[in-house]
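Chemist: Next up, input.cif (mmCIF, C-alpha atoms).
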```cif
data_model
loop_
_atom_site.label_atom_id
_atom_site.label_comp_id
_atom_site.auth_asym_id
_atom_site.auth_seq_id
_atom_site.Cartn_x
_atom_site.Cartn_y
_atom_site.Cartn_z
CA MET A 90 0.00 0.00 0.00
CA THR A 91 1.56 3.33 -1.03
CA GLN A 92 1.60 6.50 1.02
CA ASN A 93 -0.59 8.01 -1.67
CA ASN A 94 -3.24 5.33 -1.14
CA LYS A 95 -3.24 5.92 2.59
CA GLU A 96 -4.02 9.59 2.07
CA VAL A 97 -6.84 8.86 -0.38
CA LEU A 98 -8.45 6.34 1.96
CA ILE A 99 -9.26 8.89 4.62
CA THR A 100 -12.56 9.88 2.94
CA PRO A 101 -15.72 7.85 3.58
CA GLU A 102 -16.12 7.27 -0.16
CA ALA A 103 -12.61 5.90 -0.48
CA LEU A 104 -13.07 3.68 2.56
CA THR A 105 -16.36 2.36 1.14
CA SER A 106 -14.65 1.75 -2.17
CA LEU A 107 -11.93 -0.24 -0.41
CA LEU A 108 -14.56 -2.21 1.48
CA SER A 109 -16.30 -3.08 -1.77
CA THR A 110 -13.13 -4.90 -2.92
CA TYR A 111 -13.04 -7.05 0.22
CA TYR A 112 -14.12 -10.25 -1.53
CA ASP A 113 -12.02 -9.66 -4.66
CA GLY A 114 -8.69 -10.79 -3.23
CA SER A 115 -7.20 -13.53 -1.09
CA SER A 116 -7.75 -14.00 2.63
CA GLU A 117 -4.42 -12.19 3.16
CA ASP A 118 -5.81 -9.23 1.22
CA GLN A 119 -8.88 -9.29 3.45
CA VAL A 120 -6.67 -9.15 6.54
CA ARG A 121 -4.80 -6.20 5.03
CA ILE A 122 -8.05 -4.36 4.24
CA ALA A 123 -9.35 -4.99 7.76
CA ALA A 124 -6.11 -3.65 9.27
CA LEU A 125 -6.17 -0.60 7.06
CA VAL A 126 -9.80 0.21 7.84
CA SER A 127 -9.18 -0.42 11.52
CA SER A 128 -6.34 2.11 11.55
CA LYS A 129 -8.65 4.96 10.53
CA PRO A 130 -10.45 7.27 12.95
CA GLU A 131 -13.14 5.49 14.96
CA GLU A 132 -16.07 7.67 13.90
CA LEU A 133 -15.16 7.43 10.23
CA VAL A 134 -14.77 3.66 10.35
CA TYR A 135 -18.08 2.94 12.05
CA SER A 136 -19.95 5.50 9.98
CA VAL A 137 -18.77 3.72 6.81
CA LEU A 138 -19.51 0.26 8.23
CA GLU A 139 -22.99 1.30 9.31
CA GLN A 140 -23.77 2.75 5.90
CA ALA A 141 -22.55 -0.44 4.27
CA LEU A 142 -24.69 -2.50 6.63
CA ARG A 143 -27.74 -0.53 5.53
CA ASN A 144 -26.90 -0.95 1.84
CA ASP A 145 -29.61 -3.19 0.44
CA ALA A 146 -28.31 -2.98 -3.09
CA ASP A 147 -24.84 -4.39 -2.48
CA ALA A 148 -24.85 -7.66 -0.53
CA ASN A 149 -21.06 -8.06 -0.77
CA LEU A 150 -20.46 -4.62 0.72
CA ARG A 151 -22.85 -5.41 3.54
CA ASN A 152 -21.30 -8.80 4.20
CA ALA A 153 -17.82 -7.25 4.21
CA ALA A 154 -18.99 -4.69 6.76
CA MET A 155 -20.40 -7.46 8.93
CA GLU A 156 -17.10 -9.33 8.82
CA LEU A 157 -15.20 -6.20 9.82
CA TYR A 158 -17.54 -5.35 12.69
CA VAL A 159 -16.81 -8.82 14.09
CA SER A 160 -13.09 -8.78 13.33
CA PHE A 161 -12.71 -5.55 15.32
CA GLY A 162 -13.80 -7.48 18.42
CA SER A 163 -15.06 -5.83 21.57
CA ARG A 164 -14.34 -2.41 20.07
CA SER A 165 -17.50 -2.95 17.97
CA LEU A 166 -19.61 -4.06 20.92
CA PRO A 167 -21.17 -0.68 21.91
CA ARG A 168 -21.90 0.10 18.25
CA LEU A 169 -23.63 -3.24 17.73
CA VAL A 170 -25.63 -2.90 20.95
CA ILE A 171 -26.95 0.42 19.64
CA LEU A 172 -27.76 -1.15 16.26
CA LEU A 173 -29.69 -3.85 18.10
CA GLN A 174 -32.25 -1.12 18.86
CA ASP A 175 -32.30 0.34 15.36
CA ALA A 176 -35.62 1.26 13.74
CA ASN A 177 -34.89 -1.13 10.87
CA GLU A 178 -35.60 -4.76 11.81
CA GLU A 179 -33.10 -6.11 9.31
CA VAL A 180 -30.32 -4.03 10.88
CA ARG A 181 -31.40 -5.31 14.30
CA THR A 182 -31.24 -8.88 13.00
CA PHE A 183 -27.75 -8.34 11.58
CA ALA A 184 -26.63 -6.79 14.88
CA ALA A 185 -27.93 -9.79 16.82
CA VAL A 186 -26.13 -12.19 14.49
CA MET A 187 -22.87 -10.24 14.74
CA LEU A 188 -23.04 -10.08 18.54
CA GLY A 189 -23.32 -13.85 18.63
CA THR A 190 -20.35 -14.25 16.31
CA LEU A 191 -18.40 -11.77 18.41
CA GLY A 192 -19.09 -13.95 21.45
CA ASP A 193 -18.58 -11.22 24.05
CA ARG A 194 -20.51 -11.83 27.30
CA GLU A 195 -21.07 -8.08 27.63
CA ALA A 196 -23.66 -8.43 24.87
CA VAL A 197 -25.83 -10.85 26.86
CA PRO A 198 -28.20 -8.32 28.54
CA ALA A 199 -28.87 -6.61 25.19
CA LEU A 200 -29.50 -9.94 23.49
CA ILE A 201 -31.83 -11.02 26.30
CA ASN A 202 -33.81 -7.82 25.72
CA ALA A 203 -33.93 -8.65 22.02
CA LEU A 204 -35.75 -11.91 22.80
CA VAL A 205 -38.89 -9.78 23.13
CA ASP A 206 -38.24 -7.63 20.06
CA ALA A 207 -41.31 -6.91 17.92
CA ASP A 208 -39.74 -8.75 14.98
CA LEU A 209 -39.56 -12.56 15.00
CA ASN A 210 -36.38 -12.68 12.90
CA VAL A 211 -34.61 -10.47 15.47
CA LYS A 212 -35.79 -12.73 18.29
CA HIS A 213 -34.62 -15.80 16.36
CA ALA A 214 -31.15 -14.30 15.84
CA ALA A 215 -30.92 -13.19 19.48
CA ALA A 216 -31.76 -16.68 20.76
CA GLU A 217 -29.23 -18.29 18.44
CA SER A 218 -26.55 -15.80 19.52
CA LEU A 219 -27.22 -16.43 23.20
CA GLY A 220 -26.56 -20.10 22.50
CA ARG A 221 -23.25 -19.21 20.92
CA ILE A 222 -22.16 -17.02 23.84
CA ARG A 223 -23.20 -19.62 26.47
CA ASP A 224 -23.75 -17.34 29.46
CA ASP A 225 -25.89 -18.65 32.34
CA ARG A 226 -27.85 -15.40 32.55
CA ALA A 227 -29.65 -16.43 29.36
CA VAL A 228 -31.09 -19.70 30.72
CA LEU A 229 -34.32 -18.41 32.28
CA PRO A 230 -35.09 -15.86 29.53
CA LEU A 231 -34.63 -18.60 26.91
CA ILE A 232 -36.91 -20.95 28.86
CA GLU A 233 -39.54 -18.20 28.91
CA VAL A 234 -39.64 -17.99 25.13
CA LEU A 235 -39.84 -21.76 24.60
CA THR A 236 -43.60 -21.55 24.44
CA GLY A 237 -43.59 -19.06 21.57
CA ASP A 238 -43.62 -19.39 17.81
CA MET A 239 -41.62 -22.23 16.23
CA TRP A 240 -39.33 -19.63 14.70
CA LEU A 241 -38.22 -18.61 18.21
CA GLN A 242 -38.79 -21.93 19.95
CA PHE A 243 -36.31 -23.73 17.72
CA PRO A 244 -33.24 -21.50 18.31
CA ALA A 245 -34.17 -21.09 21.99
CA ALA A 246 -34.24 -24.86 22.50
CA MET A 247 -30.96 -25.31 20.64
CA ALA A 248 -29.42 -22.48 22.67
CA LEU A 249 -30.49 -24.15 25.91
CA GLY A 250 -28.67 -27.25 24.72
CA GLU A 251 -25.52 -25.20 24.26
CA LEU A 252 -25.94 -23.74 27.75
CA ALA A 253 -26.26 -27.30 29.15
CA ASP A 254 -28.14 -26.23 32.28
CA SER A 255 -30.39 -28.80 33.98
CA ARG A 256 -33.00 -26.12 34.76
CA ALA A 257 -34.03 -26.43 31.11
CA VAL A 258 -34.75 -30.18 31.24
CA GLY A 259 -38.39 -29.90 32.36
CA PRO A 260 -39.35 -27.17 29.86
CA LEU A 261 -37.59 -29.04 27.04
CA VAL A 262 -39.28 -32.33 27.96
CA ALA A 263 -42.59 -30.48 27.61
CA LEU A 264 -41.73 -29.89 23.94
CA LEU A 265 -41.13 -33.56 23.13
CA GLY A 266 -44.77 -34.11 22.27
CA MET A 267 -44.88 -31.19 19.85
CA PRO A 268 -44.07 -32.15 16.23
CA GLU A 269 -42.84 -28.64 15.47
CA ALA A 270 -40.47 -28.46 18.42
CA ASN A 271 -39.44 -31.97 19.38
CA MET A 272 -36.31 -32.19 17.27
CA PRO A 273 -34.42 -29.25 18.88
CA ALA A 274 -35.68 -30.37 22.30
CA ILE A 275 -34.24 -33.87 21.74
CA GLN A 276 -30.90 -32.48 20.61
CA ALA A 277 -30.78 -30.03 23.51
CA LEU A 278 -31.54 -32.75 26.05
CA GLY A 279 -28.73 -34.82 24.56
CA LYS A 280 -26.34 -31.94 25.13
CA ILE A 281 -27.54 -31.18 28.66
CA CYS A 282 -26.92 -34.84 29.53
CA ASP A 283 -29.22 -35.03 32.55
CA PRO A 284 -30.39 -38.62 33.29
CA ALA A 285 -33.79 -37.19 34.28
CA ALA A 286 -34.49 -36.79 30.55
CA LEU A 287 -34.01 -40.51 29.81
CA GLY A 288 -37.56 -41.55 30.75
CA PRO A 289 -39.32 -38.97 28.58
CA LEU A 290 -36.88 -39.54 25.71
CA GLY A 291 -37.50 -43.30 25.90
CA LYS A 292 -41.01 -42.88 24.50
CA LEU A 293 -39.58 -41.39 21.31
CA LEU A 294 -37.27 -44.37 20.82
CA GLU A 295 -40.33 -46.17 19.45
CA ASP A 296 -41.72 -43.29 17.40
CA GLU A 297 -42.98 -44.09 13.91
CA GLU A 298 -40.61 -41.57 12.38
CA PRO A 299 -37.12 -43.07 11.80
CA SER A 300 -35.31 -39.70 11.93
CA LEU A 301 -36.87 -38.86 15.25
CA ARG A 302 -35.85 -42.26 16.63
CA GLU A 303 -32.30 -41.75 15.41
CA TRP A 304 -31.98 -38.27 16.98
CA THR A 305 -33.45 -39.61 20.20
CA LEU A 306 -31.07 -42.56 20.28
CA GLU A 307 -28.17 -40.15 19.80
CA ALA A 308 -29.35 -38.07 22.76
CA VAL A 309 -29.91 -41.14 24.95
CA ALA A 310 -26.47 -42.52 24.11
CA ALA A 311 -24.89 -39.15 24.92
CA ILE A 312 -26.51 -39.22 28.37
CA PHE A 313 -25.44 -42.82 28.96
CA THR A 314 -21.90 -42.00 27.91
CA ARG A 315 -21.77 -39.41 30.70
CA TRP A 316 -23.88 -41.42 33.20
CA PRO A 317 -23.42 -45.14 32.35
CA ASP A 318 -25.06 -46.28 35.60
CA SER A 319 -28.33 -44.47 34.93
CA GLY A 320 -29.94 -47.34 32.98
CA ASP A 321 -32.75 -47.62 35.55
CA ASN A 322 -34.05 -44.23 34.34
CA LEU A 323 -34.97 -45.71 30.98
CA LEU A 324 -37.68 -48.34 30.74
CA VAL A 325 -37.00 -50.29 27.54
CA SER A 326 -40.19 -51.73 26.07
CA PRO A 327 -40.04 -54.92 23.95
CA ARG A 328 -40.63 -52.77 20.85
CA VAL A 329 -37.75 -50.42 21.71
CA SER A 330 -35.55 -53.41 22.45
CA GLY A 331 -36.41 -54.90 19.06
CA LEU A 332 -35.72 -51.62 17.26
CA LEU A 333 -32.37 -51.27 19.02
CA LEU A 334 -31.39 -54.80 18.00
CA GLU A 335 -32.41 -53.98 14.41
CA THR A 336 -30.21 -50.91 14.59
CA LEU A 337 -27.25 -53.07 15.59
CA ALA A 338 -27.63 -54.80 12.22
CA SER A 339 -27.86 -51.59 10.20
CA ASN A 340 -25.13 -49.96 8.11
CA ASN A 341 -25.19 -46.74 10.09
CA HIS A 342 -22.11 -46.93 12.34
CA GLU A 343 -23.10 -43.98 14.51
CA ALA A 344 -26.58 -45.42 15.14
CA LYS A 345 -25.09 -48.88 15.80
CA ARG A 346 -22.70 -47.41 18.33
CA ASN A 347 -25.54 -45.53 20.06
CA ALA A 348 -27.71 -48.65 20.14
CA ALA A 349 -24.86 -50.72 21.64
CA ILE A 350 -24.28 -48.11 24.36
CA THR A 351 -27.99 -47.99 25.19
CA LEU A 352 -28.47 -51.76 25.22
CA GLY A 353 -25.44 -52.13 27.46
CA CYS A 354 -26.42 -49.45 29.95
CA CYS A 355 -29.99 -50.79 30.12
CA ARG A 356 -28.60 -54.33 30.58
CA ILE A 357 -30.74 -55.92 27.86
CA GLN A 358 -29.84 -59.63 28.04
CA GLU A 359 -31.30 -60.40 24.59
CA ALA A 360 -28.66 -58.14 23.08
CA LEU A 361 -25.73 -60.33 24.17
CA PRO A 362 -25.47 -62.55 21.05
CA PHE A 363 -25.90 -59.55 18.74
CA LEU A 364 -23.25 -57.57 20.63
CA ALA A 365 -20.95 -60.60 20.63
CA GLY A 366 -21.22 -60.65 16.85
CA LEU A 367 -19.93 -57.07 16.77
CA CYS A 368 -16.89 -57.55 18.99
CA ALA A 369 -14.60 -57.91 15.99
CA ASP A 370 -16.09 -54.86 14.28
CA ARG A 371 -13.39 -52.27 13.64
CA GLU A 372 -15.75 -49.34 14.21
CA ILE A 373 -17.73 -50.36 17.26
CA GLY A 374 -16.04 -53.50 18.61
CA ASP A 375 -14.81 -51.63 21.67
CA VAL A 376 -18.28 -50.26 22.45
CA ALA A 377 -19.82 -53.72 21.95
CA ARG A 378 -17.34 -55.32 24.37
CA LYS A 379 -18.03 -52.67 27.00
CA ALA A 380 -21.78 -53.21 26.57
CA ILE A 381 -21.36 -56.96 27.06
CA ALA A 382 -19.30 -56.37 30.20
CA ARG A 383 -22.01 -54.06 31.53
CA ILE A 384 -24.82 -56.55 30.87
CA GLY A 385 -22.84 -59.36 32.45
CA PRO A 386 -23.40 -63.10 32.07
CA CYS A 387 -26.87 -64.43 31.30
CA MET B 285 -41.57 -37.92 -5.59
CA LEU B 286 -39.51 -35.72 -3.37
CA LYS B 287 -36.38 -37.75 -2.69
CA LYS B 288 -33.64 -35.19 -2.37
CA VAL B 289 -33.72 -31.50 -1.41
CA LEU B 290 -30.79 -29.12 -1.71
CA VAL B 291 -30.97 -26.45 1.01
CA VAL B 292 -28.82 -23.37 0.34
CA ASP B 293 -28.64 -21.15 3.42
CA ASP B 294 -25.77 -19.64 5.40
CA SER B 295 -27.28 -20.53 8.79
CA ALA B 296 -26.47 -23.96 10.24
CA LEU B 297 -29.45 -23.55 12.55
CA ILE B 298 -31.80 -23.03 9.61
CA HIS B 299 -30.45 -26.24 8.07
CA GLN B 300 -31.45 -28.05 11.26
CA MET B 301 -34.90 -26.44 11.11
CA TYR B 302 -35.38 -27.72 7.57
CA LYS B 303 -34.53 -31.25 8.72
CA MET B 304 -37.45 -31.04 11.14
CA VAL B 305 -39.85 -29.27 8.76
CA LEU B 306 -39.12 -31.66 5.88
CA MET B 307 -39.05 -34.81 8.03
CA ARG B 308 -42.54 -35.81 6.86
CA TYR B 309 -41.28 -36.32 3.28
CA LYS B 310 -38.54 -38.75 4.35
CA CYS B 311 -36.27 -37.15 1.78
CA GLN B 312 -32.51 -36.78 1.80
CA ILE B 313 -31.37 -33.22 2.57
CA VAL B 314 -28.14 -31.86 1.13
CA ASP B 315 -26.79 -28.75 2.89
CA ALA B 316 -24.98 -25.86 1.21
CA LEU B 317 -23.84 -22.72 3.03
CA ASN B 318 -23.87 -20.20 0.17
CA GLY B 319 -24.55 -19.93 -3.55
CA GLN B 320 -21.11 -21.18 -4.59
CA ASP B 321 -21.33 -24.12 -2.23
CA GLY B 322 -24.83 -24.70 -3.62
CA LEU B 323 -23.47 -24.95 -7.17
CA ASP B 324 -20.78 -27.39 -6.03
CA LYS B 325 -23.34 -29.54 -4.20
CA LEU B 326 -25.71 -29.40 -7.16
CA ALA B 327 -22.98 -30.73 -9.45
CA LYS B 328 -22.55 -33.68 -7.06
CA ASN B 329 -26.32 -34.14 -6.62
CA PRO B 330 -27.85 -33.63 -10.06
CA ASP B 331 -30.77 -35.81 -8.96
CA ALA B 332 -32.03 -33.19 -6.49
CA ASP B 333 -35.79 -32.72 -6.75
CA LEU B 334 -36.02 -29.30 -5.13
CA ILE B 335 -33.80 -26.37 -4.15
CA LEU B 336 -34.68 -24.23 -1.13
CA LEU B 337 -32.71 -21.03 -1.55
CA ASP B 338 -31.99 -18.20 0.86
CA ILE B 339 -31.43 -14.89 -0.92
CA ASN B 340 -29.03 -13.03 1.36
CA MET B 341 -25.83 -15.05 1.75
CA PRO B 342 -22.11 -14.29 1.71
CA VAL B 343 -19.78 -15.39 -1.10
CA MET B 344 -22.62 -15.84 -3.62
CA ASN B 345 -26.17 -14.68 -2.95
CA GLY B 346 -29.33 -16.49 -3.97
CA LEU B 347 -30.08 -14.38 -7.03
CA ASP B 348 -26.60 -14.92 -8.46
CA PHE B 349 -27.01 -18.63 -7.74
CA ILE B 350 -30.17 -18.76 -9.88
CA LYS B 351 -28.42 -16.91 -12.71
CA LYS B 352 -25.55 -19.43 -12.64
CA VAL B 353 -27.94 -22.38 -12.55
CA LYS B 354 -29.80 -21.01 -15.56
CA GLU B 355 -26.49 -20.44 -17.39
CA LEU B 356 -25.49 -24.04 -16.75
CA GLY B 357 -28.79 -25.19 -18.25
CA SER B 358 -28.68 -28.78 -17.10
CA PHE B 359 -30.52 -28.17 -13.81
CA ASN B 360 -33.38 -26.05 -15.13
CA HIS B 361 -35.88 -28.80 -14.41
CA ILE B 362 -35.25 -28.61 -10.66
CA PRO B 363 -37.75 -26.24 -9.03
CA ILE B 364 -36.22 -23.48 -6.93
CA VAL B 365 -38.14 -22.08 -3.96
CA LEU B 366 -36.89 -18.75 -2.60
CA VAL B 367 -36.73 -18.15 1.10
CA SER B 368 -36.89 -14.40 1.45
CA THR B 369 -37.47 -11.94 4.26
CA GLU B 370 -40.41 -9.65 4.94
CA GLY B 371 -39.79 -6.32 3.20
CA LYS B 372 -37.61 -7.84 0.48
CA GLU B 373 -40.33 -8.04 -2.15
CA GLU B 374 -38.07 -6.59 -4.83
CA ASP B 375 -35.53 -9.39 -4.40
CA THR B 376 -38.33 -11.95 -4.39
CA MET B 377 -39.74 -10.58 -7.64
CA ARG B 378 -36.27 -10.62 -9.20
CA GLY B 379 -35.83 -14.22 -8.15
CA LEU B 380 -39.17 -15.22 -9.61
CA ALA B 381 -38.33 -13.37 -12.83
CA LEU B 382 -35.06 -15.31 -12.98
CA GLY B 383 -36.96 -18.58 -12.83
CA ALA B 384 -37.72 -19.46 -9.20
CA ARG B 385 -40.98 -21.38 -8.92
CA GLY B 386 -42.21 -20.01 -5.60
CA TYR B 387 -41.25 -18.37 -2.34
CA VAL B 388 -41.82 -18.36 1.39
CA LYS B 389 -40.96 -15.54 3.73
CA LYS B 390 -38.97 -15.88 6.93
CA PRO B 391 -40.37 -16.36 9.48
CA PHE B 392 -42.43 -19.05 7.78
CA GLN B 393 -44.58 -21.69 9.37
CA PRO B 394 -43.93 -25.32 8.40
CA SER B 395 -47.38 -25.44 6.82
CA ASP B 396 -46.41 -22.58 4.45
CA LEU B 397 -43.56 -24.64 3.08
CA HIS B 398 -45.57 -27.87 3.04
CA LEU B 399 -48.28 -26.20 0.94
CA LEU B 400 -45.76 -24.93 -1.56
CA ILE B 401 -43.95 -28.27 -1.82
CA GLU B 402 -47.21 -30.13 -2.23
CA LYS B 403 -48.21 -27.80 -5.07
CA LEU B 404 -44.95 -28.68 -6.80
CA TYR B 405 -45.21 -32.38 -5.83
CA PRO B 406 -48.93 -33.21 -5.43
CA THR B 407 -48.12 -36.85 -4.65
CA GLU B 408 -46.44 -35.70 -1.44
CA ALA B 409 -49.65 -34.22 -0.02
CA LYS B 410 -50.27 -35.61 3.48
#
```
I'd like the structure from this file rewritten - as C-alpha cells, please.

Modeler:
Amino acid sequence: MTQNNKEVLITPEALTSLLSTYYDGSSEDQVRIAALVSSKPEELVYSVLEQALRNDADANLRNAAMELYVSFGSRSLPRLVILLQDANEEVRTFAAVMLGTLGDREAVPALINALVDADLNVKHAAAESLGRIRDDRAVLPLIEVLTGDMWLQFPAAMALGELADSRAVGPLVALLGMPEANMPAIQALGKICDPAALGPLGKLLEDEEPSLREWTLEAVAAIFTRWPDSGDNLLVSPRVSGLLLETLASNNHEAKRNAAITLGCCRIQEALPFLAGLCADREIGDVARKAIARIGPC
Amino acid sequence: MLKKVLVVDDSALIHQMYKMVLMRYKCQIVDALNGQDGLDKLAKNPDADLILLDINMPVMNGLDFIKKVKELGSFNHIPIVLVSTEGKEEDTMRGLALGARGYVKKPFQPSDLHLLIEKLYPTEAK
C-alpha cells in the first residue's frame, strides 16, 4: 500500500470503495483491508460500516462490513448494541447475528432484551446468539420464550442445549410431544446430559418416524456415555428393544454405536449374542465389548 | 416424488430447522452454506428434486445462484423455492423473474412450506 493510497483512503467514499473490494482478493488481502480500515479514525470507520450494513443494493459490501464489525472485536460491541435497537428490523437482526459471532458476554443483557423484540427474525437471531455465547444469565429468559412461535422456539431450544443447564430439562421435555419443536428439544436434552431426561426420551425411541428415533437414540447414548449407571431411568419396552437390536444390524455406524451403548447401559440380556457378533467390528467392537461387560453373564 | 432436497442457506441452525420441517417427506437433505457451495453440491447431486434457496448469503447470494444455474442449463428442471425476508419483495420478484418457482418468507410456518412443496409435488400431499 503506497503512502498516496493511505491519504486517499481517509474519505468515507474511499473507505467504502476499499470495502467493496473485500471479496475480490485472497484471505491475506482481506486481513490487510481490515487492518487498514481499523487504523482509521473510529467515527469514520463505524460510519462507513454502518452505511454499508444498511446498503440493500450491495450484498457483498454489507457482508464485508459485517465481517469487519466482528473482526474488530469488543471495540465494535457498543456500536452493535446500539444497532440492536435500530428502527430497521433487518439491521437489528444483523446486529444480533454479529453479537453472537463476536461472542462477548457483555452483549448478553442486550441480546436477552432482544428476545422480546417486535420482529420474529430479530428474536430468532438473538436466541441463536445467546446459545453461541453460552452465558448462564440467558437460561431463564430462553426458557420463557420456549412456548412461543416455532421460529423462536427452535433457536431457543438449541441455545439451551448449548448452555447445558439442567433447569431447562423440564421445559424441554414439555416440547417432546410437539411435532414442530421436538427435534431441537431432543438435541438439547442430549447436550444437557441429565439422566432425568431418559424416561421422557424413551417414549420417542419407538416413534414411527425413523429420523426422530435416530436423533433420540443419539441423545440417549450421549446421556449414557456421561452417566453409564443411569440405565434404571430408561424403561425399555419390547418394541424399543427390538428396534435397538435392528439398529445393531444396520449400516449406520453412529446409530449402531448408540444402540450398543444404550443396550449395554440398560442391561438388555437379549442383546448379548448380537453384541458378541460385533466384537470384531473395527468401528464399534470396543463399544460392543463394553456393553457386554455391563450386561454381564446371562 | 420428493427424494432429495438441496438447502442453500448460510445458517447452520436453519439447516437443522429444515430437517425437522421436511421430516414428513422422508427425503434426503443436502446442505450448502452459500450460492457457490450450492453450485458445487448441485454438481454432485444432479438428482435433487427441489432447491430451497436463501437470498441473502455471503460469497454468492441467492439471485446470483439462480443466474448461474440457468447459465449451466442442465438443472433447469429442478424447481427453486426462494426463502426471502419480509420487506424484500423486490428481491423476491427478481428471483421469480429469474426462474424461481415459488417463495416463502422468513419467518415461515412449516405449513407454508408444506403447501408450496405439495403444489410442486402433489403426490407428497399428506

Chemist: Could you list as an mmCIF file with C-alpha atoms, keeping the file's coordinate frame every residue that has an atom within 9 Å of (-26.7, -30.1, -4.4), using the file's coordinates and counting all atoms listed in the file?

Modeler:
```
data_model
loop_
_atom_site.group_PDB
_atom_site.id
_atom_site.type_symbol
_atom_site.label_atom_id
_atom_site.label_comp_id
_atom_site.auth_asym_id
_atom_site.auth_seq_id
_atom_site.Cartn_x
_atom_site.Cartn_y
_atom_site.Cartn_z
ATOM 1 C CA LYS B 288 -33.640 -35.190 -2.370
ATOM 2 C CA VAL B 289 -33.720 -31.500 -1.410
ATOM 3 C CA LEU B 290 -30.790 -29.120 -1.710
ATOM 4 C CA VAL B 291 -30.970 -26.450 1.010
ATOM 5 C CA VAL B 292 -28.820 -23.370 0.340
ATOM 6 C CA ILE B 313 -31.370 -33.220 2.570
ATOM 7 C CA VAL B 314 -28.140 -31.860 1.130
ATOM 8 C CA ASP B 315 -26.790 -28.750 2.890
ATOM 9 C CA ALA B 316 -24.980 -25.860 1.210
ATOM 10 C CA ASP B 321 -21.330 -24.120 -2.230
ATOM 11 C CA GLY B 322 -24.830 -24.700 -3.620
ATOM 12 C CA LEU B 323 -23.470 -24.950 -7.170
ATOM 13 C CA ASP B 324 -20.780 -27.390 -6.030
ATOM 14 C CA LYS B 325 -23.340 -29.540 -4.200
ATOM 15 C CA LEU B 326 -25.710 -29.400 -7.160
ATOM 16 C CA ALA B 327 -22.980 -30.730 -9.450
ATOM 17 C CA LYS B 328 -22.550 -33.680 -7.060
ATOM 18 C CA ASN B 329 -26.320 -34.140 -6.620
ATOM 19 C CA PRO B 330 -27.850 -33.630 -10.060
ATOM 20 C CA ASP B 331 -30.770 -35.810 -8.960
ATOM 21 C CA ALA B 332 -32.030 -33.190 -6.490
ATOM 22 C CA ILE B 335 -33.800 -26.370 -4.150
#
```

Chemist: Find the spatial neighbours of Gly291 (chain A), counting only C-alpha atoms, within a cut-off of 10 Å - ignore same-chain residues fewer than 6 positions away - and output them as an MDAnalysis selection string.

Modeler: chainID A and resid 302 305:306 309 322:326 329

Chemist: Select all residues from chain A having any atom no more than 8 Å from an atom of chain B (counting only C-alpha atoms, ignoring ligands), output as a list of chain:residue names.

Modeler: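 The selection requested is A:Tyr112, A:Ala148, A:Asn149, A:Asn152, A:Leu209, A:Asn210, A:Glu217, A:Met239, A:Trp240, A:Phe243, A:Pro244, A:Glu269, A:Met272, A:Ser300.
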
Chemist: Evaluate the PyMOL selection byres ((chain A and resi 138) around 8) on the structure here and hand back the selected residues as a ChimeraX atom specification.

Modeler: /A:134-137,139-142,154-155,157-158

Chemist: Just give me the gap between CA of Lys345 (chain A) and CA of Glu298 (chain A) in Å, one decimal is fine.

Modeler: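 Computing the Euclidean distance for CA of Lys345 (chain A) and CA of Glu298 (chain A) yields 17.5 Å.
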
Chemist: Just so the selection is clear, what residues does the PyMOL selection byres ((chain A and resi 362-368) around 8) cover here, as a VMD selection string?

Modeler: chain A and resid 334 337 349 359 to 361 369 to 370 373 to 375 377 to 378 380 to 381

Chemist: Dump as a PyMOL selection string all residues having an atom at most 12 Å from (-40.2, -26.0, 28.7), computed in the file's coordinates with only C-alpha atoms.

Modeler: chain A and resi 228-237+242-243+245-246+249+255-267+270-271+273-274+277-278

Chemist: Give me the box for region 354-358 of chain B as AutoDock Vina command-line options, namely the centre and edge lengths in Å to one decimal of a box along x, y and z that holds every listed atom plus 4 Å on each side.

Modeler:
```
--center_x -27.6 --center_y -24.6 --center_z -16.9 --size_x 12.3 --size_y 16.3 --size_z 10.7
```

Chemist: Expand the PyMOL selection byres ((chain B and resi 399-405) around 9) into the explicit residue set it covers here, and present it as an NGL selection string.

Modeler: :B and (285-286 or 334 or 363 or 365 or 385-388 or 394-398 or 406-410)

Chemist: Deliver the residues from the most recent selection as a file, using C-alpha atoms, as a PDB file, keeping the file's coordinate frame.

Modeler:
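Output (selection-v6.pdb):
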```
ATOM      1  CA  MET B 285     -41.570 -37.920  -5.590  1.00  0.00           C
ATOM      2  CA  LEU B 286     -39.510 -35.720  -3.370  1.00  0.00           C
ATOM      3  CA  LEU B 334     -36.020 -29.300  -5.130  1.00  0.00           C
ATOM      4  CA  PRO B 363     -37.750 -26.240  -9.030  1.00  0.00           C
ATOM      5  CA  VAL B 365     -38.140 -22.080  -3.960  1.00  0.00           C
ATOM      6  CA  ARG B 385     -40.980 -21.380  -8.920  1.00  0.00           C
ATOM      7  CA  GLY B 386     -42.210 -20.010  -5.600  1.00  0.00           C
ATOM      8  CA  TYR B 387     -41.250 -18.370  -2.340  1.00  0.00           C
ATOM      9  CA  VAL B 388     -41.820 -18.360   1.390  1.00  0.00           C
ATOM     10  CA  PRO B 394     -43.930 -25.320   8.400  1.00  0.00           C
ATOM     11  CA  SER B 395     -47.380 -25.440   6.820  1.00  0.00           C
ATOM     12  CA  ASP B 396     -46.410 -22.580   4.450  1.00  0.00           C
ATOM     13  CA  LEU B 397     -43.560 -24.640   3.080  1.00  0.00           C
ATOM     14  CA  HIS B 398     -45.570 -27.870   3.040  1.00  0.00           C
ATOM     15  CA  PRO B 406     -48.930 -33.210  -5.430  1.00  0.00           C
ATOM     16  CA  THR B 407     -48.120 -36.850  -4.650  1.00  0.00           C
ATOM     17  CA  GLU B 408     -46.440 -35.700  -1.440  1.00  0.00           C
ATOM     18  CA  ALA B 409     -49.650 -34.220  -0.020  1.00  0.00           C
ATOM     19  CA  LYS B 410     -50.270 -35.610   3.480  1.00  0.00           C
TER      20      LYS B 410
END
```

Chemist: Expressed in Å to a single decimal, how great is the separation between CA of Leu337 (chain B) and CA of Arg378 (chain B)?

Modeler: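 Separating CA of Leu337 (chain B) from CA of Arg378 (chain B) is a distance of 13.4 Å.
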